[in-house]
>>> print(open('work25.cif').read())   # mmCIF, C-alpha atoms
data_target
loop_
_atom_site.label_atom_id
_atom_site.label_comp_id
_atom_site.auth_asym_id
_atom_site.auth_seq_id
_atom_site.Cartn_x
_atom_site.Cartn_y
_atom_site.Cartn_z
CA MET A 28 0.00 0.00 0.00
CA SER A 29 1.44 3.37 -0.97
CA GLN A 30 -1.47 5.69 -0.26
CA GLY A 31 -3.33 6.14 3.00
CA VAL A 32 -3.00 7.48 6.52
CA GLY A 33 0.60 7.37 7.71
CA VAL A 34 0.64 9.10 11.08
CA VAL A 35 -2.04 9.97 13.59
CA GLY A 36 -0.85 11.93 16.62
CA LEU A 37 -1.87 11.82 20.25
CA TYR A 38 -1.22 14.57 22.73
CA VAL A 39 0.66 13.31 25.76
CA ARG A 40 1.82 15.09 28.90
CA ASP A 41 5.38 13.75 28.79
CA GLN A 42 7.07 12.09 25.83
CA ASP A 43 9.53 10.01 27.87
CA GLU A 44 6.69 8.63 29.95
CA ALA A 45 4.55 7.99 26.85
CA LEU A 46 7.42 6.26 25.07
CA LYS A 47 7.97 3.91 28.00
CA PHE A 48 4.25 3.18 28.18
CA TYR A 49 3.68 2.43 24.51
CA VAL A 50 6.90 0.47 24.09
CA GLU A 51 7.30 -1.37 27.39
CA LYS A 52 3.66 -1.91 28.37
CA LEU A 53 1.93 -2.13 24.98
CA GLY A 54 4.74 -3.64 22.92
CA PHE A 55 4.96 -0.92 20.27
CA ARG A 56 8.28 -0.06 18.62
CA VAL A 57 9.86 3.34 18.18
CA HIS A 58 9.65 4.45 14.56
CA THR A 59 11.10 7.96 14.73
CA ASP A 60 12.55 9.91 17.63
CA ALA A 61 14.01 13.15 16.30
CA ARG A 62 14.80 16.28 18.24
CA ASN A 63 15.17 19.80 17.02
CA GLY A 64 15.78 22.20 19.90
CA ASP A 65 12.83 21.82 22.27
CA TYR A 66 10.81 20.04 19.65
CA ARG A 67 10.68 16.27 19.53
CA TRP A 68 9.02 14.32 16.73
CA LEU A 69 8.25 10.96 18.29
CA THR A 70 6.29 8.19 16.63
CA VAL A 71 5.74 4.56 17.56
CA GLN A 72 4.41 1.65 15.61
CA HIS A 73 2.48 -1.52 16.26
CA PRO A 74 4.78 -4.44 15.38
CA GLU A 75 2.16 -5.90 13.02
CA GLN A 76 1.30 -2.61 11.33
CA PRO A 77 4.34 -1.22 9.53
CA SER A 78 2.42 1.28 7.41
CA PHE A 79 1.01 3.21 10.34
CA GLN A 80 2.68 5.39 12.96
CA LEU A 81 1.18 6.68 16.17
CA GLY A 82 2.64 10.08 17.03
CA LEU A 83 3.22 11.02 20.65
CA PHE A 84 3.34 14.79 20.81
CA VAL A 85 3.36 17.37 23.57
CA PRO A 86 1.17 20.42 23.09
CA GLN A 87 3.69 23.22 23.36
CA PRO A 88 4.73 26.57 21.91
CA PRO A 89 5.41 27.52 19.22
CA THR A 90 3.16 24.86 17.60
CA VAL A 91 0.36 26.22 19.77
CA ASP A 92 0.49 29.24 22.07
CA ALA A 93 1.15 28.74 25.79
CA ALA A 94 -2.48 29.19 26.89
CA THR A 95 -3.75 26.76 24.26
CA ALA A 96 -1.06 24.27 25.29
CA GLN A 97 -2.32 24.48 28.85
CA ASP A 98 -5.92 23.96 27.72
CA LEU A 99 -4.91 20.95 25.63
CA ARG A 100 -3.03 19.38 28.54
CA ALA A 101 -6.13 19.81 30.69
CA ILE A 102 -8.38 18.27 28.03
CA VAL A 103 -6.11 15.24 27.68
CA ALA A 104 -5.95 14.81 31.47
CA LYS A 105 -9.75 14.93 31.66
CA GLY A 106 -10.06 12.17 29.10
CA GLY A 107 -11.54 14.57 26.56
CA MET A 108 -9.68 13.29 23.51
CA PRO A 109 -11.46 11.09 20.94
CA PRO A 110 -11.71 7.30 21.12
CA LEU A 111 -8.80 5.01 20.25
CA VAL A 112 -9.25 1.35 19.44
CA LEU A 113 -6.62 -1.39 19.65
CA ILE A 114 -7.47 -4.68 17.98
CA VAL A 115 -6.13 -7.84 19.61
CA ASP A 116 -6.51 -11.57 18.99
CA ASP A 117 -7.40 -12.44 22.56
CA CYS A 118 -8.75 -9.65 24.75
CA ARG A 119 -8.60 -11.55 28.04
CA ALA A 120 -5.02 -12.72 27.48
CA SER A 121 -3.89 -9.22 26.50
CA TYR A 122 -5.72 -7.82 29.52
CA GLU A 123 -3.89 -10.15 31.90
CA GLN A 124 -0.55 -9.45 30.29
CA MET A 125 -0.96 -5.69 30.19
CA ARG A 126 -2.40 -5.50 33.68
CA GLY A 127 0.62 -7.44 34.89
CA ARG A 128 2.77 -4.70 33.38
CA GLY A 129 0.84 -2.04 35.28
CA VAL A 130 -1.54 -0.70 32.62
CA GLU A 131 -4.43 1.23 34.17
CA PHE A 132 -7.59 -0.54 33.04
CA THR A 133 -10.88 1.32 33.17
CA GLN A 134 -13.00 -1.64 32.13
CA GLU A 135 -12.45 -5.36 32.56
CA PRO A 136 -12.95 -7.63 29.54
CA THR A 137 -16.66 -7.73 28.75
CA ASP A 138 -18.55 -9.90 26.27
CA ARG A 139 -20.44 -7.66 23.90
CA TYR A 140 -22.05 -8.26 20.54
CA GLY A 141 -20.22 -11.52 19.97
CA THR A 142 -16.78 -10.18 20.81
CA VAL A 143 -14.88 -9.07 23.91
CA ASP A 144 -13.71 -5.59 24.80
CA ALA A 145 -11.83 -3.90 27.63
CA GLY A 146 -10.78 -0.32 28.32
CA PHE A 147 -7.54 1.26 29.48
CA ARG A 148 -5.85 4.64 29.62
CA ASP A 149 -2.35 5.79 28.90
CA PRO A 150 -0.61 7.77 31.65
CA SER A 151 -1.70 11.07 30.07
CA GLY A 152 -5.40 10.16 30.08
CA ASN A 153 -5.95 9.04 26.48
CA GLY A 154 -8.61 6.34 26.56
CA TRP A 155 -8.27 3.12 24.59
CA LYS A 156 -10.81 0.45 23.88
CA MET A 157 -9.23 -2.94 23.32
CA ILE A 158 -11.43 -5.09 21.12
CA GLN A 159 -10.97 -8.72 20.22
CA ALA A 160 -10.94 -9.33 16.48
CA ARG A 161 -13.92 -11.30 15.32
CA GLN A 162 -13.05 -14.80 14.24
CA GLY A 163 -13.99 -15.24 10.71
CA MET B 6 -2.34 38.99 37.12
CA ASP B 7 -4.21 35.84 36.26
CA MET B 8 -6.73 36.72 33.58
CA ASP B 9 -8.20 33.25 33.39
CA ALA B 10 -11.46 33.19 35.32
CA ARG B 11 -11.53 29.43 35.70
CA PRO B 12 -10.49 27.97 39.04
CA ARG B 13 -6.84 27.04 39.10
CA ALA B 14 -7.74 23.43 39.97
CA ALA B 15 -9.63 23.13 36.70
CA ARG B 16 -6.38 23.66 34.80
CA ASP B 17 -3.94 21.51 36.75
CA PRO B 18 -3.36 18.46 34.54
CA ALA B 19 -2.02 16.29 37.36
CA LEU B 20 -5.11 16.90 39.48
CA LEU B 21 -7.43 16.48 36.48
CA ARG B 22 -5.84 13.14 35.66
CA ARG B 23 -6.55 11.95 39.20
CA LEU B 24 -10.13 13.25 39.06
CA LEU B 25 -10.55 11.34 35.80
CA ARG B 26 -9.60 8.21 37.70
CA ALA B 27 -12.56 8.74 40.05
CA LYS B 28 -14.85 9.25 37.05
CA ASP B 29 -13.50 6.05 35.46
CA ARG B 30 -14.15 4.13 38.65
CA MET B 31 -17.77 5.31 38.72
CA ASP B 32 -18.10 4.31 35.06
CA ALA B 33 -16.77 0.85 35.79
CA ALA B 34 -19.02 0.23 38.81
CA SER B 35 -21.90 2.69 38.69
CA HIS B 36 -24.12 0.30 40.66
CA GLU B 37 -21.88 0.68 43.71
CA ASP B 38 -22.17 3.40 46.32
CA TRP B 39 -19.77 6.25 45.72
CA PRO B 40 -19.70 8.50 48.75
CA VAL B 41 -17.47 11.56 48.35
CA GLN B 42 -14.89 10.12 50.76
CA ARG B 43 -14.41 7.07 48.55
CA LEU B 44 -14.08 9.14 45.38
CA ALA B 45 -11.73 11.57 47.08
CA ARG B 46 -9.47 8.68 48.06
CA VAL B 47 -9.32 7.48 44.44
CA SER B 48 -8.32 10.97 43.35
CA ASP B 49 -5.98 11.50 46.27
CA VAL B 50 -7.58 14.82 47.23
CA SER B 51 -9.36 15.90 50.40
CA ALA B 52 -13.06 15.11 50.63
CA ALA B 53 -13.66 18.80 51.23
CA HIS B 54 -12.25 19.72 47.82
CA PHE B 55 -13.33 16.73 45.79
CA ALA B 56 -16.90 17.61 44.83
CA ARG B 57 -15.99 21.14 43.81
CA SER B 58 -12.92 20.07 41.85
CA PHE B 59 -14.90 17.35 40.07
CA LYS B 60 -17.63 19.79 39.08
CA ASP B 61 -15.05 22.31 37.86
CA ALA B 62 -13.42 19.61 35.77
CA PHE B 63 -16.42 17.79 34.34
CA GLY B 64 -19.25 20.28 34.58
CA VAL B 65 -21.50 18.23 36.86
CA PRO B 66 -21.29 17.26 40.52
CA PRO B 67 -20.06 13.68 41.05
CA HIS B 68 -23.37 12.29 42.35
CA ARG B 69 -25.22 13.68 39.35
CA TYR B 70 -22.66 12.17 37.00
CA LEU B 71 -23.23 8.83 38.71
CA LEU B 72 -26.99 9.18 38.19
CA THR B 73 -26.56 9.69 34.45
CA ARG B 74 -24.39 6.58 34.26
CA ARG B 75 -26.95 4.51 36.15
CA ILE B 76 -29.77 5.72 33.91
CA GLU B 77 -27.64 4.99 30.85
CA ARG B 78 -27.08 1.40 32.03
CA ALA B 79 -30.69 0.92 33.03
CA THR B 80 -31.83 2.19 29.63
CA ALA B 81 -29.55 -0.31 27.88
CA LEU B 82 -30.82 -3.18 30.04
CA LEU B 83 -34.46 -2.19 29.46
CA ARG B 84 -33.84 -2.10 25.74
CA ASP B 85 -31.58 -5.11 25.28
CA THR B 86 -32.82 -7.62 27.87
CA ASP B 87 -36.08 -9.01 29.21
CA LEU B 88 -35.00 -8.69 32.83
CA PRO B 89 -37.77 -7.63 35.22
CA ILE B 90 -37.64 -3.89 35.94
CA LEU B 91 -37.08 -4.58 39.64
CA ASP B 92 -33.94 -6.59 38.78
CA ILE B 93 -32.70 -3.78 36.57
CA ALA B 94 -33.28 -1.27 39.36
CA LEU B 95 -31.31 -3.37 41.84
CA GLN B 96 -28.53 -4.14 39.34
CA THR B 97 -28.00 -0.50 38.46
CA GLY B 98 -27.66 0.74 42.01
CA TRP B 99 -31.10 1.57 43.38
CA ASN B 100 -32.53 0.17 46.59
CA SER B 101 -36.16 0.34 45.58
CA LEU B 102 -38.31 0.20 42.51
CA GLY B 103 -40.07 3.39 43.59
CA THR B 104 -36.94 5.53 43.73
CA PHE B 105 -35.69 4.07 40.48
CA GLY B 106 -38.97 4.66 38.64
CA ARG B 107 -39.31 8.22 39.90
CA THR B 108 -35.71 9.19 39.14
CA PHE B 109 -35.86 7.51 35.75
CA ARG B 110 -39.02 9.41 34.84
CA ASP B 111 -37.62 12.69 36.12
CA ILE B 112 -34.51 12.35 34.00
CA THR B 113 -35.77 10.75 30.79
CA GLY B 114 -39.37 11.96 30.78
CA GLU B 115 -40.89 8.49 30.60
CA SER B 116 -41.29 5.52 32.89
CA PRO B 117 -38.95 2.50 32.60
CA GLY B 118 -41.86 0.40 31.33
CA ALA B 119 -42.84 2.94 28.68
CA LEU B 120 -39.26 3.25 27.47
CA ARG B 121 -38.93 -0.52 27.22
CA ALA B 122 -42.18 -0.83 25.26
CA ARG B 123 -41.19 1.95 22.86
CA GLU B 124 -37.59 0.73 22.35
CA GLN B 125 -38.54 -2.88 21.87
CA ALA B 126 -41.28 -2.00 19.39
CA ALA B 127 -38.89 0.05 17.25
CA PRO B 128 -37.12 -1.82 14.45
CA ARG B 129 -33.44 -2.08 15.20
CA SER B 130 -30.42 -2.67 13.08
CA PRO B 131 -27.10 -3.57 14.68
CA ALA B 132 -25.14 -0.36 14.97
CA PRO B 133 -21.64 -0.41 13.50
CA VAL B 134 -20.41 1.62 16.48
CA PRO B 135 -18.56 0.08 19.43
CA GLY B 136 -21.33 -0.45 21.97
CA CYS B 137 -19.83 1.54 24.79
CA TYR B 138 -19.35 4.65 22.65
CA LEU B 139 -22.89 4.41 21.33
CA SER B 140 -24.19 4.04 24.84
CA ALA B 141 -22.21 7.04 26.08
CA ALA B 142 -23.54 9.12 23.20
CA HIS B 143 -27.06 8.54 24.44
CA ARG B 144 -26.26 9.24 28.08
CA PRO B 145 -28.80 11.66 29.55
CA ASP B 146 -27.42 15.17 29.53
CA LEU B 147 -28.31 16.14 33.07
CA THR B 148 -27.37 19.78 33.18
CA ILE B 149 -29.59 20.62 36.13
CA ALA B 150 -30.26 18.84 39.41
CA VAL B 151 -32.97 16.21 39.37
CA SER B 152 -34.84 18.13 42.08
CA GLU B 153 -34.69 21.22 39.91
CA LYS B 154 -35.86 19.31 36.85
CA ARG B 155 -38.70 17.88 38.89
CA ARG B 156 -39.67 21.34 40.10
CA LEU B 157 -39.78 22.66 36.53
CA GLN B 158 -42.23 20.00 35.37
CA PRO B 159 -45.79 21.29 35.49
CA GLY B 160 -47.39 19.59 38.47
CA GLY B 161 -44.46 17.25 38.70
CA ASP B 162 -43.08 18.09 42.09
CA ASN B 163 -43.69 14.66 43.58
CA GLY B 164 -45.22 15.71 46.82
CA ALA B 165 -43.13 18.77 47.58
CA PRO B 166 -45.23 21.46 49.24
CA ILE B 167 -47.03 23.52 46.67
CA GLU B 168 -46.57 27.23 47.06
CA GLU B 169 -49.86 29.05 47.30
CA LEU B 170 -50.35 32.61 46.27
CA PRO B 171 -51.75 34.83 48.98
#
>>> encode(input="work25.cif", output="structure tokens")
Amino acid sequence: MSQGVGVVGLYVRDQDEALKFYVEKLGFRVHTDARNGDYRWLTVQHPEQPSFQLGLFVPQPPTVDAATAQDLRAIVAKGGMPPLVLIVDDCRASYEQMRGRGVEFTQEPTDRYGTVDAGFRDPSGNGWKMIQARQG
Amino acid sequence: MDMDARPRAARDPALLRRLLRAKDRMDAASHEDWPVQRLARVSDVSAAHFARSFKDAFGVPPHRYLLTRRIERATALLRDTDLPILDIALQTGWNSLGTFGRTFRDITGESPGALRAREQAAPRSPAPVPGCYLSAAHRPDLTIAVSEKRRLQPGGDNGAPIEELP
């Protein structure tokens, strides 16, 4: 595939913390970690999804002004960012594994509509739904 | 000088993240009792500051947020199951059918039985939206207190003394 969405960014409160979380607890890999002064372009990738990068960005000047950056940090911390969905083969197994690594789950695995889903948050407050792929 | 009129607590990301944890816990177990002391412990703030901080952050007091979550769950159970209404009331955190029915009517404008009849009569197609998001999207938007909402209904004050004009 040569066309399509390449990067979608999340706002995080701290890039070092986010990097540790997505790599060590979720099993993502670092794709790009490039610094330019105070700016850091940081993206990670799911090991089975090489065409897509998840950006982990801090809202900060001069990309946004200082007051907006503060508002954005508050919105992230309040869980106000849009839904994120992680697809897994076995929701209960992933839940046990991730919980063992200290992931903050907001919802235990629940059977729903013929599949299983659970919910967790990253340290910043971004909310993920983890949904088991339908067998088929 | 601080030109921002919002309370400082409403802008402190670390505090907001901890308040979110209390909100998440209510979401995960809305049928349980959530006294302010318990929520304050989850958020690691004093009970005295919790309710105010929560309202500043999320726009509604914590107990009212909990009510909307319970009504959301009850609505889903009324629609998607054939459980007796009493069971639904007990499962979603009420101690009596009476309180459940009254609160449900005050918030949604119809009785649990009427909602069930209407929802189950309507043709449904499986929504291609993750269930929890769909459910949250239909959560009652309780911008005023239930007592206030009750008061505003014509003749719907449920036994509160009626003010008489001199």
>>> resolve_selection(input="work25.cif", expression="the PyMOL selection byres ((chain B) within 9 of (chain A))", output="mmCIF file with C-alpha atoms, in the frame of the given file")
data_model
loop_
_atom_site.group_PDB
_atom_site.id
_atom_site.type_symbol
_atom_site.label_atom_id
_atom_site.label_comp_id
_atom_site.auth_asym_id
_atom_site.auth_seq_id
_atom_site.Cartn_x
_atom_site.Cartn_y
_atom_site.Cartn_z
ATOM 1 C CA ALA B 15 -9.630 23.130 36.700
ATOM 2 C CA ARG B 16 -6.380 23.660 34.800
ATOM 3 C CA ASP B 17 -3.940 21.510 36.750
ATOM 4 C CA PRO B 18 -3.360 18.460 34.540
ATOM 5 C CA ALA B 19 -2.020 16.290 37.360
ATOM 6 C CA LEU B 20 -5.110 16.900 39.480
ATOM 7 C CA LEU B 21 -7.430 16.480 36.480
ATOM 8 C CA ARG B 22 -5.840 13.140 35.660
ATOM 9 C CA ARG B 23 -6.550 11.950 39.200
ATOM 10 C CA LEU B 24 -10.130 13.250 39.060
ATOM 11 C CA LEU B 25 -10.550 11.340 35.800
ATOM 12 C CA ARG B 26 -9.600 8.210 37.700
ATOM 13 C CA ASP B 29 -13.500 6.050 35.460
ATOM 14 C CA ARG B 30 -14.150 4.130 38.650
ATOM 15 C CA ASP B 32 -18.100 4.310 35.060
ATOM 16 C CA ALA B 33 -16.770 0.850 35.790
ATOM 17 C CA ALA B 62 -13.420 19.610 35.770
ATOM 18 C CA PHE B 63 -16.420 17.790 34.340
ATOM 19 C CA PRO B 135 -18.560 0.080 19.430
ATOM 20 C CA GLY B 136 -21.330 -0.450 21.970
ATOM 21 C CA TYR B 138 -19.350 4.650 22.650
#
>>> closest_residue(input="work25.cif", among="A:Leu53, A:Gln72, A:Asp60, A:Gly82", to="Gly127 of chain A", atoms="all atoms listed in the file")
A:Leu53
>>> atom_distance(input="work25.cif", atom1="atom CA of Leu83 of chain B", atom2="atom CA of Gly154 of chain A")
27.4 Å
>>> closest_residue(input="work25.cif", among="B:Glu37, B:Gly118, B:Val65, B:Ala126", to="Leu95 of chain B", atoms="all atoms listed in the file")
B:Glu37
>>> resolve_selection(input="work25.cif", expression="the PyMOL selection byres ((chain B and resi 145) around 10)", output="PyMOL selection string")
chain B and resi 70+72-77+80+112-113+141-144+146-148
>>> residues_near_point(input="work25.cif", point="(4.9, 1.9, 24.6)", cutoff="12 Å", atoms="only C-alpha atoms", output="PDB file with C-alpha atoms, keeping the file's coordinate frame")
ATOM      1  CA  GLN A  42       7.070  12.090  25.830  1.00  0.00           C
ATOM      2  CA  ASP A  43       9.530  10.010  27.870  1.00  0.00           C
ATOM      3  CA  GLU A  44       6.690   8.630  29.950  1.00  0.00           C
ATOM      4  CA  ALA A  45       4.550   7.990  26.850  1.00  0.00           C
ATOM      5  CA  LEU A  46       7.420   6.260  25.070  1.00  0.00           C
ATOM      6  CA  LYS A  47       7.970   3.910  28.000  1.00  0.00           C
ATOM      7  CA  PHE A  48       4.250   3.180  28.180  1.00  0.00           C
ATOM      8  CA  TYR A  49       3.680   2.430  24.510  1.00  0.00           C
ATOM      9  CA  VAL A  50       6.900   0.470  24.090  1.00  0.00           C
ATOM     10  CA  GLU A  51       7.300  -1.370  27.390  1.00  0.00           C
ATOM     11  CA  LYS A  52       3.660  -1.910  28.370  1.00  0.00           C
ATOM     12  CA  LEU A  53       1.930  -2.130  24.980  1.00  0.00           C
ATOM     13  CA  GLY A  54       4.740  -3.640  22.920  1.00  0.00           C
ATOM     14  CA  PHE A  55       4.960  -0.920  20.270  1.00  0.00           C
ATOM     15  CA  ARG A  56       8.280  -0.060  18.620  1.00  0.00           C
ATOM     16  CA  VAL A  57       9.860   3.340  18.180  1.00  0.00           C
ATOM     17  CA  HIS A  58       9.650   4.450  14.560  1.00  0.00           C
ATOM     18  CA  LEU A  69       8.250  10.960  18.290  1.00  0.00           C
ATOM     19  CA  THR A  70       6.290   8.190  16.630  1.00  0.00           C
ATOM     20  CA  VAL A  71       5.740   4.560  17.560  1.00  0.00           C
ATOM     21  CA  GLN A  72       4.410   1.650  15.610  1.00  0.00           C
ATOM     22  CA  HIS A  73       2.480  -1.520  16.260  1.00  0.00           C
ATOM     23  CA  PRO A  74       4.780  -4.440  15.380  1.00  0.00           C
ATOM     24  CA  LEU A  81       1.180   6.680  16.170  1.00  0.00           C
ATOM     25  CA  GLY A  82       2.640  10.080  17.030  1.00  0.00           C
ATOM     26  CA  LEU A  83       3.220  11.020  20.650  1.00  0.00           C
ATOM     27  CA  MET A 125      -0.960  -5.690  30.190  1.00  0.00           C
ATOM     28  CA  ARG A 128       2.770  -4.700  33.380  1.00  0.00           C
ATOM     29  CA  VAL A 130      -1.540  -0.700  32.620  1.00  0.00           C
ATOM     30  CA  ASP A 149      -2.350   5.790  28.900  1.00  0.00           C
ATOM     31  CA  PRO A 150      -0.610   7.770  31.650  1.00  0.00           C
TER      32      PRO A 150
END
>>> resolve_selection(input="work25.cif", expression="the PyMOL selection byres ((chain B and resi 50) around 12)", output="list in words")
Ala14, Ala19, Leu20, Leu21, Arg22, Arg23, Leu24, Arg26, Ala27, Val41, Gln42, Arg43, Leu44, Ala45, Arg46, Val47, Ser48, Asp49, Ser51, Ala52, Ala53, His54, Phe55, Ala56, Arg57, Ser58 and Phe59 of chain B
>>> atom_distance(input="work25.cif", atom1="atom CA of Ser116 of chain B", atom2="atom CA of Trp39 of chain B")
25.1 Å
>>> atom_distance(input="work25.cif", atom1="atom CA of Gln87 of chain A", atom2="atom CA of Gly33 of chain A")
22.5 Å
>>> build_atoms(input="work25.cif", residues="segment 51-79 of chain A", atoms="N, CA and C atoms", output="PDB file, in the frame of the given file")
ATOM      1  N   GLU A  51       7.092  -0.324  26.382  1.00  0.00           N
ATOM      2  CA  GLU A  51       7.300  -1.370  27.390  1.00  0.00           C
ATOM      3  C   GLU A  51       6.004  -2.056  27.823  1.00  0.00           C
ATOM      4  N   LYS A  52       4.905  -1.306  27.879  1.00  0.00           N
ATOM      5  CA  LYS A  52       3.660  -1.910  28.370  1.00  0.00           C
ATOM      6  C   LYS A  52       2.770  -2.413  27.236  1.00  0.00           C
ATOM      7  N   LEU A  53       2.808  -1.729  26.080  1.00  0.00           N
ATOM      8  CA  LEU A  53       1.930  -2.130  24.980  1.00  0.00           C
ATOM      9  C   LEU A  53       2.660  -2.902  23.877  1.00  0.00           C
ATOM     10  N   GLY A  54       3.981  -2.860  23.899  1.00  0.00           N
ATOM     11  CA  GLY A  54       4.740  -3.640  22.920  1.00  0.00           C
ATOM     12  C   GLY A  54       4.916  -2.955  21.563  1.00  0.00           C
ATOM     13  N   PHE A  55       4.688  -1.647  21.504  1.00  0.00           N
ATOM     14  CA  PHE A  55       4.960  -0.920  20.270  1.00  0.00           C
ATOM     15  C   PHE A  55       6.468  -0.753  20.094  1.00  0.00           C
ATOM     16  N   ARG A  56       6.874  -0.344  18.880  1.00  0.00           N
ATOM     17  CA  ARG A  56       8.280  -0.060  18.620  1.00  0.00           C
ATOM     18  C   ARG A  56       8.442   1.417  18.280  1.00  0.00           C
ATOM     19  N   VAL A  57       9.599   1.955  18.568  1.00  0.00           N
ATOM     20  CA  VAL A  57       9.860   3.340  18.180  1.00  0.00           C
ATOM     21  C   VAL A  57      10.076   3.391  16.677  1.00  0.00           C
ATOM     22  N   HIS A  58       9.397   4.271  15.991  1.00  0.00           N
ATOM     23  CA  HIS A  58       9.650   4.450  14.560  1.00  0.00           C
ATOM     24  C   HIS A  58      10.609   5.617  14.340  1.00  0.00           C
ATOM     25  N   THR A  59      10.246   6.795  14.884  1.00  0.00           N
ATOM     26  CA  THR A  59      11.100   7.960  14.730  1.00  0.00           C
ATOM     27  C   THR A  59      11.181   8.715  16.051  1.00  0.00           C
ATOM     28  N   ASP A  60      12.380   9.093  16.428  1.00  0.00           N
ATOM     29  CA  ASP A  60      12.550   9.910  17.630  1.00  0.00           C
ATOM     30  C   ASP A  60      13.585  10.962  17.276  1.00  0.00           C
ATOM     31  N   ALA A  61      13.112  12.102  16.809  1.00  0.00           N
ATOM     32  CA  ALA A  61      14.010  13.150  16.300  1.00  0.00           C
ATOM     33  C   ALA A  61      13.799  14.451  17.053  1.00  0.00           C
ATOM     34  N   ARG A  62      14.899  15.031  17.497  1.00  0.00           N
ATOM     35  CA  ARG A  62      14.800  16.280  18.240  1.00  0.00           C
ATOM     36  C   ARG A  62      15.326  17.433  17.430  1.00  0.00           C
ATOM     37  N   ASN A  63      14.696  18.571  17.630  1.00  0.00           N
ATOM     38  CA  ASN A  63      15.170  19.800  17.020  1.00  0.00           C
ATOM     39  C   ASN A  63      14.928  20.911  18.026  1.00  0.00           C
ATOM     40  N   GLY A  64      15.968  21.255  18.796  1.00  0.00           N
ATOM     41  CA  GLY A  64      15.780  22.200  19.900  1.00  0.00           C
ATOM     42  C   GLY A  64      14.857  21.586  20.924  1.00  0.00           C
ATOM     43  N   ASP A  65      13.798  22.321  21.299  1.00  0.00           N
ATOM     44  CA  ASP A  65      12.830  21.820  22.270  1.00  0.00           C
ATOM     45  C   ASP A  65      11.820  20.880  21.644  1.00  0.00           C
ATOM     46  N   TYR A  66      11.834  20.837  20.321  1.00  0.00           N
ATOM     47  CA  TYR A  66      10.810  20.040  19.650  1.00  0.00           C
ATOM     48  C   TYR A  66      11.266  18.609  19.462  1.00  0.00           C
ATOM     49  N   ARG A  67      10.350  17.680  19.687  1.00  0.00           N
ATOM     50  CA  ARG A  67      10.680  16.270  19.530  1.00  0.00           C
ATOM     51  C   ARG A  67       9.580  15.579  18.738  1.00  0.00           C
ATOM     52  N   TRP A  68       9.956  15.082  17.562  1.00  0.00           N
ATOM     53  CA  TRP A  68       9.020  14.320  16.730  1.00  0.00           C
ATOM     54  C   TRP A  68       9.195  12.865  17.126  1.00  0.00           C
ATOM     55  N   LEU A  69       8.154  12.320  17.762  1.00  0.00           N
ATOM     56  CA  LEU A  69       8.250  10.960  18.290  1.00  0.00           C
ATOM     57  C   LEU A  69       7.068  10.145  17.781  1.00  0.00           C
ATOM     58  N   THR A  70       7.370   9.074  17.055  1.00  0.00           N
ATOM     59  CA  THR A  70       6.290   8.190  16.630  1.00  0.00           C
ATOM     60  C   THR A  70       6.623   6.741  16.983  1.00  0.00           C
ATOM     61  N   VAL A  71       5.578   5.990  17.269  1.00  0.00           N
ATOM     62  CA  VAL A  71       5.740   4.560  17.560  1.00  0.00           C
ATOM     63  C   VAL A  71       4.850   3.779  16.602  1.00  0.00           C
ATOM     64  N   GLN A  72       5.079   2.471  16.590  1.00  0.00           N
ATOM     65  CA  GLN A  72       4.410   1.650  15.610  1.00  0.00           C
ATOM     66  C   GLN A  72       4.015   0.314  16.222  1.00  0.00           C
ATOM     67  N   HIS A  73       2.855  -0.167  15.839  1.00  0.00           N
ATOM     68  CA  HIS A  73       2.480  -1.520  16.260  1.00  0.00           C
ATOM     69  C   HIS A  73       3.330  -2.498  15.448  1.00  0.00           C
ATOM     70  N   PRO A  74       3.867  -3.539  16.100  1.00  0.00           N
ATOM     71  CA  PRO A  74       4.780  -4.440  15.380  1.00  0.00           C
ATOM     72  C   PRO A  74       4.143  -5.114  14.164  1.00  0.00           C
ATOM     73  N   GLU A  75       2.812  -5.231  14.157  1.00  0.00           N
ATOM     74  CA  GLU A  75       2.160  -5.900  13.020  1.00  0.00           C
ATOM     75  C   GLU A  75       1.566  -4.900  12.028  1.00  0.00           C
ATOM     76  N   GLN A  76       1.924  -3.623  12.180  1.00  0.00           N
ATOM     77  CA  GLN A  76       1.300  -2.610  11.330  1.00  0.00           C
ATOM     78  C   GLN A  76       2.330  -1.598  10.831  1.00  0.00           C
ATOM     79  N   PRO A  77       3.203  -2.062   9.931  1.00  0.00           N
ATOM     80  CA  PRO A  77       4.340  -1.220   9.530  1.00  0.00           C
ATOM     81  C   PRO A  77       3.972   0.030   8.735  1.00  0.00           C
ATOM     82  N   SER A  78       2.743   0.103   8.223  1.00  0.00           N
ATOM     83  CA  SER A  78       2.420   1.280   7.410  1.00  0.00           C
ATOM     84  C   SER A  78       1.802   2.403   8.229  1.00  0.00           C
ATOM     85  N   PHE A  79       1.683   2.200   9.515  1.00  0.00           N
ATOM     86  CA  PHE A  79       1.010   3.210  10.340  1.00  0.00           C
ATOM     87  C   PHE A  79       1.856   3.599  11.551  1.00  0.00           C
TER      88      PHE A  79
END
